[in-house]
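See below for target_24.pdb, which holds PDB, C-alpha atoms.
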```pdb
ATOM      1  CA  MET A   1      98.643 122.822  96.909  1.00  0.00           C
ATOM      2  CA  ARG A   2     101.087 120.139  98.048  1.00  0.00           C
ATOM      3  CA  SER A   3     103.683 118.146  96.143  1.00  0.00           C
ATOM      4  CA  TYR A   4     103.795 114.353  96.177  1.00  0.00           C
ATOM      5  CA  LEU A   5     105.733 111.710  94.319  1.00  0.00           C
ATOM      6  CA  PHE A   6     103.838 108.938  92.569  1.00  0.00           C
ATOM      7  CA  VAL A   7     106.203 106.040  91.929  1.00  0.00           C
ATOM      8  CA  VAL A   8     105.396 103.360  89.360  1.00  0.00           C
ATOM      9  CA  ARG A   9     107.524 100.227  88.966  1.00  0.00           C
ATOM     10  CA  SER A  10     107.038  97.965  85.955  1.00  0.00           C
ATOM     11  CA  LYS A  11     108.676  95.579  83.514  1.00  0.00           C
ATOM     12  CA  ALA A  12     108.418  94.961  79.818  1.00  0.00           C
ATOM     13  CA  GLN A  13     107.134  91.699  78.436  1.00  0.00           C
ATOM     14  CA  PRO A  14     110.091  89.341  77.886  1.00  0.00           C
ATOM     15  CA  GLY A  15     112.193  90.556  74.970  1.00  0.00           C
ATOM     16  CA  ARG A  16     110.100  93.726  74.485  1.00  0.00           C
ATOM     17  CA  ASP A  17     112.186  96.331  76.358  1.00  0.00           C
ATOM     18  CA  ALA A  18     112.801  98.490  73.275  1.00  0.00           C
ATOM     19  CA  ASP A  19     109.082  98.599  72.402  1.00  0.00           C
ATOM     20  CA  TYR A  20     108.118  99.246  76.014  1.00  0.00           C
ATOM     21  CA  ASN A  21     110.602 102.102  76.457  1.00  0.00           C
ATOM     22  CA  ALA A  22     109.635 103.704  73.129  1.00  0.00           C
ATOM     23  CA  TRP A  23     105.963 103.633  74.168  1.00  0.00           C
ATOM     24  CA  TYR A  24     106.651 104.862  77.713  1.00  0.00           C
ATOM     25  CA  ASP A  25     108.941 107.723  76.729  1.00  0.00           C
ATOM     26  CA  GLY A  26     107.274 108.645  73.445  1.00  0.00           C
ATOM     27  CA  ILE A  27     103.590 108.283  74.329  1.00  0.00           C
ATOM     28  CA  HIS A  28     102.690 107.349  77.892  1.00  0.00           C
ATOM     29  CA  ILE A  29     104.526 110.056  79.837  1.00  0.00           C
ATOM     30  CA  GLY A  30     102.978 112.773  77.662  1.00  0.00           C
ATOM     31  CA  GLU A  31      99.493 111.363  78.202  1.00  0.00           C
ATOM     32  CA  VAL A  32      99.986 111.177  81.970  1.00  0.00           C
ATOM     33  CA  LEU A  33     101.344 114.731  82.137  1.00  0.00           C
ATOM     34  CA  GLN A  34      98.142 115.987  80.480  1.00  0.00           C
ATOM     35  CA  ARG A  35      96.163 114.745  83.496  1.00  0.00           C
ATOM     36  CA  ASP A  36      95.300 117.125  86.333  1.00  0.00           C
ATOM     37  CA  GLY A  37      98.009 117.379  88.966  1.00  0.00           C
ATOM     38  CA  PHE A  38     100.780 115.510  87.137  1.00  0.00           C
ATOM     39  CA  VAL A  39     103.541 118.007  86.383  1.00  0.00           C
ATOM     40  CA  ALA A  40     106.790 116.099  85.766  1.00  0.00           C
ATOM     41  CA  CYS A  41     108.239 112.635  85.277  1.00  0.00           C
ATOM     42  CA  GLN A  42     111.656 111.037  85.542  1.00  0.00           C
ATOM     43  CA  ARG A  43     112.388 107.432  84.555  1.00  0.00           C
ATOM     44  CA  TYR A  44     115.060 105.070  85.781  1.00  0.00           C
ATOM     45  CA  ALA A  45     116.162 101.495  85.245  1.00  0.00           C
ATOM     46  CA  VAL A  46     116.758  99.451  88.382  1.00  0.00           C
ATOM     47  CA  GLN A  47     120.324  98.171  88.485  1.00  0.00           C
ATOM     48  CA  GLY A  48     120.956  94.568  89.413  1.00  0.00           C
ATOM     49  CA  ASP A  49     118.977  91.361  89.137  1.00  0.00           C
ATOM     50  CA  SER A  50     115.207  91.623  89.531  1.00  0.00           C
ATOM     51  CA  GLY A  51     114.990  87.907  90.235  1.00  0.00           C
ATOM     52  CA  ASP A  52     113.518  86.866  86.887  1.00  0.00           C
ATOM     53  CA  GLY A  53     116.245  88.066  84.520  1.00  0.00           C
ATOM     54  CA  ARG A  54     114.235  91.068  83.326  1.00  0.00           C
ATOM     55  CA  ARG A  55     114.997  94.706  83.940  1.00  0.00           C
ATOM     56  CA  GLU A  56     112.631  96.680  86.141  1.00  0.00           C
ATOM     57  CA  TYR A  57     111.860 100.320  85.380  1.00  0.00           C
ATOM     58  CA  VAL A  58     110.750 103.086  87.720  1.00  0.00           C
ATOM     59  CA  ALA A  59     108.816 106.201  86.741  1.00  0.00           C
ATOM     60  CA  ILE A  60     108.658 108.952  89.343  1.00  0.00           C
ATOM     61  CA  TYR A  61     105.896 111.466  88.721  1.00  0.00           C
ATOM     62  CA  THR A  62     105.644 114.764  90.547  1.00  0.00           C
ATOM     63  CA  LEU A  63     102.043 115.326  91.551  1.00  0.00           C
ATOM     64  CA  GLU A  64     100.818 118.697  92.796  1.00  0.00           C
ATOM     65  CA  SER A  65      97.425 118.438  94.400  1.00  0.00           C
ATOM     66  CA  ASP A  66      95.371 118.849  97.527  1.00  0.00           C
ATOM     67  CA  GLU A  67      93.664 115.524  96.768  1.00  0.00           C
ATOM     68  CA  PRO A  68      96.243 113.193  95.218  1.00  0.00           C
ATOM     69  CA  ALA A  69      93.993 110.128  95.560  1.00  0.00           C
ATOM     70  CA  VAL A  70      91.498 111.806  93.223  1.00  0.00           C
ATOM     71  CA  ASN A  71      94.233 112.444  90.641  1.00  0.00           C
ATOM     72  CA  ILE A  72      95.505 108.873  90.856  1.00  0.00           C
ATOM     73  CA  THR A  73      91.968 107.486  90.544  1.00  0.00           C
ATOM     74  CA  GLY A  74      91.510 109.626  87.428  1.00  0.00           C
ATOM     75  CA  LEU A  75      94.735 108.245  86.032  1.00  0.00           C
ATOM     76  CA  GLY A  76      93.536 104.694  86.598  1.00  0.00           C
ATOM     77  CA  SER A  77      90.212 105.468  84.946  1.00  0.00           C
ATOM     78  CA  ALA A  78      91.956 106.882  81.877  1.00  0.00           C
ATOM     79  CA  MET A  79      94.005 103.713  81.593  1.00  0.00           C
ATOM     80  CA  ALA A  80      90.940 101.488  81.976  1.00  0.00           C
ATOM     81  CA  ASP A  81      88.579 103.337  79.630  1.00  0.00           C
ATOM     82  CA  GLY A  82      90.919 103.530  76.637  1.00  0.00           C
ATOM     83  CA  THR A  83      91.747 107.238  76.965  1.00  0.00           C
ATOM     84  CA  PHE A  84      95.440 106.340  76.995  1.00  0.00           C
ATOM     85  CA  THR A  85      97.239 104.687  74.108  1.00  0.00           C
ATOM     86  CA  PRO A  86      97.647 101.003  75.036  1.00  0.00           C
ATOM     87  CA  THR A  87     100.640  98.756  74.460  1.00  0.00           C
ATOM     88  CA  ASP A  88     101.091  95.022  74.652  1.00  0.00           C
ATOM     89  CA  SER A  89     104.773  95.464  75.545  1.00  0.00           C
ATOM     90  CA  ILE A  90     104.159  96.114  79.251  1.00  0.00           C
ATOM     91  CA  ASP A  91     103.856  93.258  81.728  1.00  0.00           C
ATOM     92  CA  MET A  92     100.773  94.473  83.607  1.00  0.00           C
ATOM     93  CA  ALA A  93     101.292  91.863  86.337  1.00  0.00           C
ATOM     94  CA  SER A  94     104.577  93.594  87.222  1.00  0.00           C
ATOM     95  CA  VAL A  95     103.083  97.065  87.760  1.00  0.00           C
ATOM     96  CA  ARG A  96     103.343  98.403  91.303  1.00  0.00           C
ATOM     97  CA  SER A  97     102.714 101.953  92.451  1.00  0.00           C
ATOM     98  CA  GLU A  98     102.911 104.007  95.595  1.00  0.00           C
ATOM     99  CA  LEU A  99     102.234 107.568  96.611  1.00  0.00           C
ATOM    100  CA  LEU A 100     104.972 109.293  98.611  1.00  0.00           C
ATOM    101  CA  SER A 101     103.958 112.086 100.917  1.00  0.00           C
ATOM    102  CA  PRO A 102     106.090 114.847 102.426  1.00  0.00           C
ATOM    103  CA  ASP A 103     104.509 113.973 105.794  1.00  0.00           C
ATOM    104  CA  TYR A 104     107.286 111.943 107.372  1.00  0.00           C
ATOM    105  CA  VAL A 105     106.837 113.016 110.985  1.00  0.00           C
TER     106      VAL A 105
END
```
Would you mind giving the structure from this file in structure tokens?
Amino acid sequence: MRSYLFVVRSKAQPGRDADYNAWYDGIHIGEVLQRDGFVACQRYAVQGDSGDGRREYVAIYTLESDEPAVNITGLGSAMADGTFTPTDSIDMASVRSELLSPDYV
């Protein structure tokens, strides 16, 4: 089993930061951590101007798996099929993600 970091960057809808953060911290992280391979999460707010006057947030999930792409695909499926609790406070167009591997050489 190998450890990876799955990094998700996103923004709230304009003026909805409080709703977005309450949903993310109170609901979404718990739902993600119930999925296979996802074992921890830390959240951060990006400091400085994001270019559009809105704050950007970063969630860093620790993923332990031999097939992280399978785990991430399962996460996407759960979001698409209504398994996860939705919110209208997230700006879905702002969501970006990347998988970080310990293979740097």
Can you work out the spacing between atom CA of Ser50 of chain A and atom CA of Asp25 of chain A in Å, to one decimal?
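Calculated distance between atom CA of Ser50 of chain A and atom CA of Asp25 of chain A is 21.5 Å.
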Please report as a tab-separated table every residue of segment 13-52 of chain A lying within 8 Å of segment 65-72 of chain A, along with the nearest atom pair and their distance in Å (one decimal), using all atoms listed in the file.
```
residue	atom	partner	partner_atom	distance
A:Arg35	CA	A:Asn71	CA	7.8
A:Asp36	CA	A:Asn71	CA	6.5
A:Gly37	CA	A:Ser65	CA	5.6
```
Residues in the PyMOL selection byres ((chain A and resi 92) around 10), expressed as a count of residues only
12
Give me the residues near Glu31 of chain A as a list of chain:residue names, where near means some atom within 9 Å (using all atoms listed in the file) and where sequence neighbours in that chain fewer than 2 positions away do not count.
A:Ile27, A:His28, A:Ile29, A:Leu33, A:Gln34, A:Arg35, A:Thr83, A:Phe84, A:Thr85
Result set, the PyMOL selection byres ((chain A and resi 9) around 10) on current file, as a PyMOL selection string:
chain A and resi 7-8+10-11+43-46+56-60+94-98
My list of candidates is A:Arg16, A:Val32, A:Gly51, A:Arg2. Which is closest to Ser77 of chain A when distances are computed with all atoms listed in the file?
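Checking each of A:Arg16, A:Val32, A:Gly51, A:Arg2 against Ser77 of chain A, counting all atoms listed in the file, the winner is A:Val32.
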Which residue is closest to Ala22 of chain A? Choose from A:Val39, A:Thr87, A:Gly48, A:Leu5 and count all atoms listed in the file.
A:Thr87
What is the distance, in Å and to one decimal place, between atom CA of Trp23 of chain A and atom CA of Gly53 of chain A?
21.3 Å
Just to confirm, what's the straight-line distance from atom CA of Met1 of chain A to atom CA of Gly82 of chain A in Å (one decimal)?
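Taking atom CA of Met1 of chain A as the start and atom CA of Gly82 of chain A as the end point, the length is 29.0 Å.
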Residue among A:Arg54, A:Pro14, A:Asp19, A:Phe6 lying closest to Gln42 of chain A, counting all atoms listed in the file:
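Using all atoms listed in the file, the shortest distance to Gln42 of chain A belongs to A:Phe6.
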Rank nothing, just name the residue among A:Asp52, A:Gln47, A:Ala78, A:Cys41 nearest to Tyr24 of chain A, using only C-alpha atoms.
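Using only C-alpha atoms, Tyr24 of chain A sits closest to A:Cys41.
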Export segment 41-80 of chain A from the structure block above, keeping N, CA and C atoms, as a short mmCIF file (atom, residue, chain, number, x, y, z; two decimals), in the first residue's frame.
```cif
data_model
loop_
_atom_site.label_atom_id
_atom_site.label_comp_id
_atom_site.auth_asym_id
_atom_site.auth_seq_id
_atom_site.Cartn_x
_atom_site.Cartn_y
_atom_site.Cartn_z
N CYS A 41 -7.72 14.31 6.03
CA CYS A 41 -7.90 15.53 5.25
C CYS A 41 -7.46 16.74 6.08
N GLN A 42 -6.80 17.66 5.41
CA GLN A 42 -6.48 18.96 5.99
C GLN A 42 -6.96 20.02 5.01
N ARG A 43 -7.51 21.11 5.54
CA ARG A 43 -7.98 22.20 4.67
C ARG A 43 -7.22 23.47 4.96
N TYR A 44 -7.07 24.26 3.90
CA TYR A 44 -6.35 25.54 4.00
C TYR A 44 -7.07 26.58 3.15
N ALA A 45 -6.84 27.83 3.49
CA ALA A 45 -7.29 28.94 2.65
C ALA A 45 -6.05 29.55 2.00
N VAL A 46 -6.12 29.75 0.71
CA VAL A 46 -5.00 30.36 -0.01
C VAL A 46 -4.94 31.83 0.39
N GLN A 47 -3.76 32.29 0.73
CA GLN A 47 -3.56 33.69 1.11
C GLN A 47 -3.25 34.50 -0.14
N GLY A 48 -3.78 35.71 -0.18
CA GLY A 48 -3.53 36.58 -1.32
C GLY A 48 -4.70 36.59 -2.27
N ASP A 49 -4.57 37.38 -3.31
CA ASP A 49 -5.64 37.60 -4.28
C ASP A 49 -5.70 36.45 -5.28
N SER A 50 -6.88 35.89 -5.46
CA SER A 50 -7.06 34.80 -6.42
C SER A 50 -7.37 35.33 -7.82
N GLY A 51 -7.42 36.65 -7.95
CA GLY A 51 -7.66 37.23 -9.26
C GLY A 51 -9.10 37.66 -9.50
N ASP A 52 -10.03 37.11 -8.73
CA ASP A 52 -11.43 37.48 -8.91
C ASP A 52 -12.07 37.99 -7.62
N GLY A 53 -11.22 38.26 -6.61
CA GLY A 53 -11.72 38.80 -5.35
C GLY A 53 -12.31 37.77 -4.41
N ARG A 54 -12.29 36.50 -4.80
CA ARG A 54 -12.82 35.44 -3.93
C ARG A 54 -11.67 34.62 -3.37
N ARG A 55 -11.89 34.09 -2.20
CA ARG A 55 -10.89 33.24 -1.55
C ARG A 55 -10.93 31.85 -2.16
N GLU A 56 -9.75 31.27 -2.35
CA GLU A 56 -9.65 29.90 -2.82
C GLU A 56 -9.28 29.01 -1.64
N TYR A 57 -9.85 27.82 -1.62
CA TYR A 57 -9.61 26.86 -0.55
C TYR A 57 -8.94 25.62 -1.12
N VAL A 58 -8.12 24.98 -0.28
CA VAL A 58 -7.41 23.77 -0.70
C VAL A 58 -7.67 22.69 0.34
N ALA A 59 -8.12 21.53 -0.13
CA ALA A 59 -8.26 20.36 0.72
C ALA A 59 -7.19 19.36 0.28
N ILE A 60 -6.45 18.85 1.24
CA ILE A 60 -5.39 17.89 0.95
C ILE A 60 -5.77 16.58 1.65
N TYR A 61 -6.13 15.61 0.83
CA TYR A 61 -6.52 14.29 1.34
C TYR A 61 -5.35 13.35 1.27
N THR A 62 -5.14 12.57 2.32
CA THR A 62 -4.19 11.48 2.28
C THR A 62 -4.92 10.25 1.76
N LEU A 63 -4.34 9.64 0.75
CA LEU A 63 -4.94 8.49 0.09
C LEU A 63 -3.95 7.34 0.17
N GLU A 64 -4.37 6.24 0.75
CA GLU A 64 -3.53 5.05 0.85
C GLU A 64 -4.13 3.97 -0.03
N SER A 65 -3.37 3.61 -1.07
CA SER A 65 -3.93 2.70 -2.07
C SER A 65 -2.82 2.18 -2.98
N ASP A 66 -3.08 1.05 -3.58
CA ASP A 66 -2.22 0.56 -4.65
C ASP A 66 -2.75 0.99 -6.01
N GLU A 67 -4.00 1.46 -6.04
CA GLU A 67 -4.63 1.92 -7.28
C GLU A 67 -5.39 3.22 -7.02
N PRO A 68 -4.67 4.33 -6.83
CA PRO A 68 -5.33 5.57 -6.47
C PRO A 68 -6.33 6.06 -7.52
N ALA A 69 -6.08 5.78 -8.79
CA ALA A 69 -7.02 6.21 -9.83
C ALA A 69 -8.40 5.57 -9.63
N VAL A 70 -8.41 4.34 -9.15
CA VAL A 70 -9.68 3.65 -8.88
C VAL A 70 -10.42 4.35 -7.74
N ASN A 71 -9.69 4.73 -6.70
CA ASN A 71 -10.30 5.42 -5.56
C ASN A 71 -10.86 6.78 -5.98
N ILE A 72 -10.10 7.50 -6.78
CA ILE A 72 -10.54 8.82 -7.22
C ILE A 72 -11.74 8.71 -8.15
N THR A 73 -11.76 7.70 -9.02
CA THR A 73 -12.91 7.48 -9.88
C THR A 73 -14.15 7.17 -9.04
N GLY A 74 -13.98 6.37 -8.00
CA GLY A 74 -15.09 6.07 -7.09
C GLY A 74 -15.60 7.31 -6.39
N LEU A 75 -14.70 8.19 -6.04
CA LEU A 75 -15.08 9.46 -5.41
C LEU A 75 -15.92 10.29 -6.38
N GLY A 76 -15.46 10.38 -7.61
CA GLY A 76 -16.21 11.13 -8.62
C GLY A 76 -17.59 10.54 -8.87
N SER A 77 -17.67 9.22 -8.88
CA SER A 77 -18.97 8.56 -9.08
C SER A 77 -19.93 8.86 -7.93
N ALA A 78 -19.41 8.86 -6.71
CA ALA A 78 -20.25 9.16 -5.55
C ALA A 78 -20.76 10.60 -5.60
N MET A 79 -19.97 11.49 -6.13
CA MET A 79 -20.40 12.88 -6.25
C MET A 79 -21.46 13.00 -7.34
N ALA A 80 -21.30 12.25 -8.42
CA ALA A 80 -22.21 12.35 -9.56
C ALA A 80 -23.55 11.65 -9.32
#
```
